[in-house]
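Asker: Please read through the structure below; I'll follow up with questions.
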Amino acid sequence: MTQVDITIRSARPADASAIAAVHDEAWREAYRGIIPGRELEQMVQRRGPVWWRTILDRGARIVVLEIDDSLRGYASYGRNRLAASPYLGEIFELYLAPEYQGLGFGRRLFTAARRDLDARGLKGLLVWALADNDRACGFYTRLGGIKVREMDETFGTVVRARHAFGWV
Ligand SMILES: CC(C)(COP(=O)(O)OP(=O)(O)OC[C@H]1O[C@@H](n2cnc3c(N)ncnc32)[C@H](O)[C@@H]1OP(=O)(O)O)[C@@H](O)C(=O)NCCC(=O)NCCS
């Protein structure tokens with residue numbers, strides 16, 4: 001039987017290139033047909049290794065999933081960007097490389113991020129997802145998230161709804 005090493009740990013600055021690669025692959029796969037091609041390409045290009053390195057150097061909180069020493073997913077999180085919200089914590093992003101989705105790793109990254117937010121005194125959690133991202137909305141609902149807010153986001157010439165899921 002082959003043994004697979006699975007690790008969830010805090011990201012280090014040296015992970016910047018690997019996180020950028022997962023971000024690139026996961027965003028193209030998740031948002032094709034939802035975000036127009038040109039805007040999606042610009043969003044992916046803006047988030048290269050230098051961008052990730054910069055936020056990691058500044059202390060951004062990110063947990064990563066490593067399988068056999070290769071980085072396959074990440075969750076970034078911190079204080080809720082909305083002021084005056086009862087949800088003090090926010091998961092900003094949660095992405096897995098496509099071939100590692102549907103295997104329970106999303107739940108594990110979510111739980112790790114949530115635990116760290118709780119440990120830092122940031123109680124209550126909010127996550128935003130595009131309403132057309134059925135996979136994400138189904139996942140957050142399955143994890144017990146309740147839809148608590150909705151707003152529109154413009155991508156070039158198209159407007160897409162975003163839903164916020166909350167956990168108390
Ligand atoms: C969304 C994402 C993070 C979920 O991670 P995942 O590893 O695929 O999900 P898991 O396998 O951990 O699923 C956890 C639970 O949610 C359920 N679930 C997952 N997706 C679901 C869906 N679309 N609808 C209903 N339930 C779902 C699973 O069946 C599982 O249930 P169980 O633990 O009770 O058996 C992952 O699919 C992903 O990276 N998608 C592309 C990027 C993306 O959309 N990220 C979110 C941006 S807001």
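Residues are named by chain letter and number: chains run A, B, ... in the order of the structure tokens, numbers start at 1 in each chain, and ligands are numbered from 1 in the order shown.
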Need to verify the contact set: A:Tyr140, 12 Å, only C-alpha atoms, exclusion of same-chain residues closer than 4 positions in sequence. Can you return it as a list in words?
Answerer: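 Non-adjacent residues within range: Ile91, Leu94, Gly106, Arg107, Phe110, Thr111, Leu125, Leu126, Val127, Trp128, Ala129, Leu130, Ala131, Asn133, Asp134, Arg135, Ala136, Gly144, Gly145, Ile146, Lys147, His163, Ala164, Phe165, Gly166 and Trp167 of chain A.
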Asker: Include N, CA and C atoms and write out the residues we just selected as an mmCIF file, in the first residue's frame.
Answerer:
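Final output, saved to result14.cif:
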data_model
loop_
_atom_site.group_PDB
_atom_site.id
_atom_site.type_symbol
_atom_site.label_atom_id
_atom_site.label_comp_id
_atom_site.auth_asym_id
_atom_site.auth_seq_id
_atom_site.Cartn_x
_atom_site.Cartn_y
_atom_site.Cartn_z
ATOM 1 N N ILE A 91 -12.746 34.308 6.461
ATOM 2 C CA ILE A 91 -11.863 33.545 5.570
ATOM 3 C C ILE A 91 -11.905 34.276 4.235
ATOM 4 N N LEU A 94 -10.246 30.345 0.029
ATOM 5 C CA LEU A 94 -10.056 28.908 0.327
ATOM 6 C C LEU A 94 -10.048 28.186 -1.012
ATOM 7 N N GLY A 106 -10.991 20.515 1.864
ATOM 8 C CA GLY A 106 -11.586 21.846 2.055
ATOM 9 C C GLY A 106 -12.070 21.994 3.489
ATOM 10 N N ARG A 107 -12.737 20.960 3.986
ATOM 11 C CA ARG A 107 -13.218 20.990 5.375
ATOM 12 C C ARG A 107 -12.037 21.138 6.340
ATOM 13 N N PHE A 110 -10.686 24.703 6.208
ATOM 14 C CA PHE A 110 -11.675 25.579 6.832
ATOM 15 C C PHE A 110 -11.566 25.485 8.356
ATOM 16 N N THR A 111 -11.509 24.262 8.870
ATOM 17 C CA THR A 111 -11.454 24.042 10.323
ATOM 18 C C THR A 111 -10.166 24.623 10.915
ATOM 19 N N LEU A 125 -17.532 34.020 12.163
ATOM 20 C CA LEU A 125 -16.769 33.907 10.918
ATOM 21 C C LEU A 125 -17.662 34.206 9.722
ATOM 22 N N LEU A 126 -17.112 34.935 8.774
ATOM 23 C CA LEU A 126 -17.821 35.257 7.543
ATOM 24 C C LEU A 126 -16.985 34.784 6.355
ATOM 25 N N VAL A 127 -17.649 34.283 5.311
ATOM 26 C CA VAL A 127 -16.964 33.912 4.053
ATOM 27 C C VAL A 127 -17.839 34.387 2.903
ATOM 28 N N TRP A 128 -17.228 35.025 1.922
ATOM 29 C CA TRP A 128 -17.961 35.475 0.726
ATOM 30 C C TRP A 128 -17.720 34.492 -0.414
ATOM 31 N N ALA A 129 -18.779 34.236 -1.176
ATOM 32 C CA ALA A 129 -18.632 33.391 -2.381
ATOM 33 C C ALA A 129 -19.535 33.952 -3.472
ATOM 34 N N LEU A 130 -19.092 33.851 -4.711
ATOM 35 C CA LEU A 130 -19.955 34.260 -5.813
ATOM 36 C C LEU A 130 -21.164 33.320 -5.838
ATOM 37 N N ALA A 131 -22.359 33.897 -6.019
ATOM 38 C CA ALA A 131 -23.588 33.092 -5.992
ATOM 39 C C ALA A 131 -23.560 32.024 -7.080
ATOM 40 N N ASN A 133 -21.038 30.352 -7.985
ATOM 41 C CA ASN A 133 -20.075 29.309 -7.645
ATOM 42 C C ASN A 133 -20.797 28.251 -6.804
ATOM 43 N N ASP A 134 -21.525 27.387 -7.505
ATOM 44 C CA ASP A 134 -22.389 26.415 -6.812
ATOM 45 C C ASP A 134 -21.599 25.512 -5.872
ATOM 46 N N ARG A 135 -20.401 25.146 -6.308
ATOM 47 C CA ARG A 135 -19.578 24.238 -5.502
ATOM 48 C C ARG A 135 -19.269 24.877 -4.148
ATOM 49 N N ALA A 136 -18.846 26.141 -4.187
ATOM 50 C CA ALA A 136 -18.484 26.824 -2.942
ATOM 51 C C ALA A 136 -19.726 27.041 -2.065
ATOM 52 N N GLY A 144 -22.488 24.290 7.538
ATOM 53 C CA GLY A 144 -23.315 24.956 8.547
ATOM 54 C C GLY A 144 -23.402 26.459 8.409
ATOM 55 N N GLY A 145 -22.844 27.009 7.325
ATOM 56 C CA GLY A 145 -22.906 28.460 7.124
ATOM 57 C C GLY A 145 -24.322 28.896 6.758
ATOM 58 N N ILE A 146 -24.716 30.052 7.282
ATOM 59 C CA ILE A 146 -26.041 30.613 6.989
ATOM 60 C C ILE A 146 -25.825 31.855 6.123
ATOM 61 N N LYS A 147 -26.605 31.986 5.065
ATOM 62 C CA LYS A 147 -26.464 33.172 4.200
ATOM 63 C C LYS A 147 -26.919 34.410 4.964
ATOM 64 N N HIS A 163 -22.546 36.165 -2.132
ATOM 65 C CA HIS A 163 -23.246 35.838 -0.888
ATOM 66 C C HIS A 163 -22.224 35.720 0.240
ATOM 67 N N ALA A 164 -22.615 36.204 1.418
ATOM 68 C CA ALA A 164 -21.775 36.003 2.602
ATOM 69 C C ALA A 164 -22.421 34.928 3.461
ATOM 70 N N PHE A 165 -21.618 33.945 3.847
ATOM 71 C CA PHE A 165 -22.066 32.888 4.757
ATOM 72 C C PHE A 165 -21.468 33.175 6.129
ATOM 73 N N GLY A 166 -22.279 33.016 7.168
ATOM 74 C CA GLY A 166 -21.814 33.316 8.517
ATOM 75 C C GLY A 166 -21.921 32.118 9.448
ATOM 76 N N TRP A 167 -20.979 32.081 10.405
ATOM 77 C CA TRP A 167 -20.983 31.084 11.488
ATOM 78 C C TRP A 167 -20.818 31.856 12.784
#
Asker: Hey, what's within 8 Å of A:Asp132 if we count only C-alpha atoms and toss same-chain stuff fewer than 3 positions away? As a JSON list (two decimals) with C-alpha atoms, in the first residue's frame, please?
Answerer:
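Once everything was written out, this is part.json:
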[["chain", "number", "residue", "atom", "x", "y", "z"],
["A", 34, "ILE", "CA", -18.56, 33.12, -14.30],
["A", 160, "ARG", "CA", -22.34, 39.03, -10.31],
["A", 161, "ALA", "CA", -24.01, 38.50, -6.93]]
Asker: Between A:Ala16, A:Val44, A:Ala60, A:Leu109, which is the closest to A:Tyr74 once you count only C-alpha atoms?
Answerer: A:Leu109
Asker: When you count only C-alpha atoms and all ligand atoms, which of these residues is closest to ligand 1: A:Gln101, A:Gly124, A:Ala112, A:Glu25?
Answerer: A:Gln101
Asker: How far is it from atom 45 (N, counted along the ligand's line) of ligand 1 to atom CA of A:Ile35, in Å with one decimal?
Answerer: 13.8 Å
Asker: Please provide as a list in words all residues within 12 Å of A:Ala21, with the sequence filter that same-chain residues fewer than 6 positions apart are discarded (counting only C-alpha atoms).
Answerer: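 Result of the neighbour search: Asp15, Trp27, Arg28, Val44, Gln45, Arg47, Gly48, Pro49, Val50, Trp52, Ser70, Leu71, Arg72, Gly73, Tyr74, Tyr95, Leu96, Ala97 and Pro98 of chain A.
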Asker: Let me see the file: selected residues, C-alpha atoms, as a PDB file, in the first residue's frame.
Answerer:
ATOM      1  CA  ASP A  15       5.593  29.095  -0.031  1.00  0.00           C
ATOM      2  CA  TRP A  27      -9.210  30.371 -10.051  1.00  0.00           C
ATOM      3  CA  ARG A  28      -9.110  29.570 -13.762  1.00  0.00           C
ATOM      4  CA  VAL A  44      -4.790  35.883 -11.804  1.00  0.00           C
ATOM      5  CA  GLN A  45      -1.827  37.877 -13.175  1.00  0.00           C
ATOM      6  CA  ARG A  47      -1.564  37.576  -7.769  1.00  0.00           C
ATOM      7  CA  GLY A  48       1.803  36.171  -8.775  1.00  0.00           C
ATOM      8  CA  PRO A  49       4.576  34.961  -6.419  1.00  0.00           C
ATOM      9  CA  VAL A  50       5.708  38.546  -5.618  1.00  0.00           C
ATOM     10  CA  TRP A  52       2.015  36.415  -2.164  1.00  0.00           C
ATOM     11  CA  SER A  70       3.714  19.539  -2.577  1.00  0.00           C
ATOM     12  CA  LEU A  71       1.419  22.428  -1.772  1.00  0.00           C
ATOM     13  CA  ARG A  72      -2.116  21.658  -3.040  1.00  0.00           C
ATOM     14  CA  GLY A  73      -4.381  24.141  -1.279  1.00  0.00           C
ATOM     15  CA  TYR A  74      -4.563  27.157   1.024  1.00  0.00           C
ATOM     16  CA  TYR A  95      -8.760  27.142  -2.760  1.00  0.00           C
ATOM     17  CA  LEU A  96      -7.659  23.640  -3.651  1.00  0.00           C
ATOM     18  CA  ALA A  97      -5.967  22.446  -6.818  1.00  0.00           C
ATOM     19  CA  PRO A  98      -8.760  20.848  -8.890  1.00  0.00           C
TER      20      PRO A  98
END
Asker: Quick one: pull the distance between atom 38 (C, counted along the ligand's line) of ligand 1 and atom CA of A:Ser10, Å, one decimal.
Answerer: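 Interatomic distance, atom 38 (C, counted along the ligand's line) of ligand 1 to atom CA of A:Ser10: 18.8 Å.
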Asker: Choose the residue, out of A:Arg58, A:Lys123, A:His23, A:Arg53, that has the smallest atom-to-atom separation from ligand 1; count only C-alpha atoms and all ligand atoms.
Answerer: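 Closest to ligand 1 of all the choices is A:His23.
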Asker: Measure the distance from atom CA of A:Thr2 to atom 43 (C, counted along the ligand's line) of ligand 1 in Å and round it to one decimal.
Answerer: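 Atom 43 (C, counted along the ligand's line) of ligand 1 lies 28.6 Å from atom CA of A:Thr2.
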Asker: From stretch 5-163 of chain A, collect each residue whose DSSP state is alpha helix (DSSP H) and return the set as a ChimeraX atom specification.
Answerer: /A:16-31,37-46,49-57,105-119,134-142
Asker: Among chain A, which ones does DSSP place in strand (DSSP E or B), written as an MDAnalysis selection string?
Answerer: chainID A and resid 6:10 32 35 61:67 70:79 89:96 125:130 146:155 158:167
Asker: What lies within 10 Å of A:Arg61 using only C-alpha atoms, ignoring chain neighbours under 5 positions off, as a PyMOL selection string?
Answerer: chain A and resi 10-12+55-56+75-79+91+113+116-117
Asker: So, with only C-alpha atoms and all ligand atoms as the atoms that count, which of A:Leu82, A:Ala26, A:Leu40, A:Met151 lies closest to ligand 1?
Answerer: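 Between A:Leu82, A:Ala26, A:Leu40, A:Met151, the residue approaching ligand 1 most closely is A:Ala26.
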Asker: Of the candidates A:Arg120, A:Arg38, A:Arg32, A:Arg115, which shows the shortest atom-to-atom distance to ligand 1, using only C-alpha atoms and all ligand atoms?
Answerer: A:Arg32
Asker: In terms of the shortest atom-to-atom distance over only C-alpha atoms, which of A:Gly89, A:Gly156, A:Pro13, A:Gly104 is closest to A:Leu65?
Answerer: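 With only C-alpha atoms as the atom set, the closest residue is A:Gly104.
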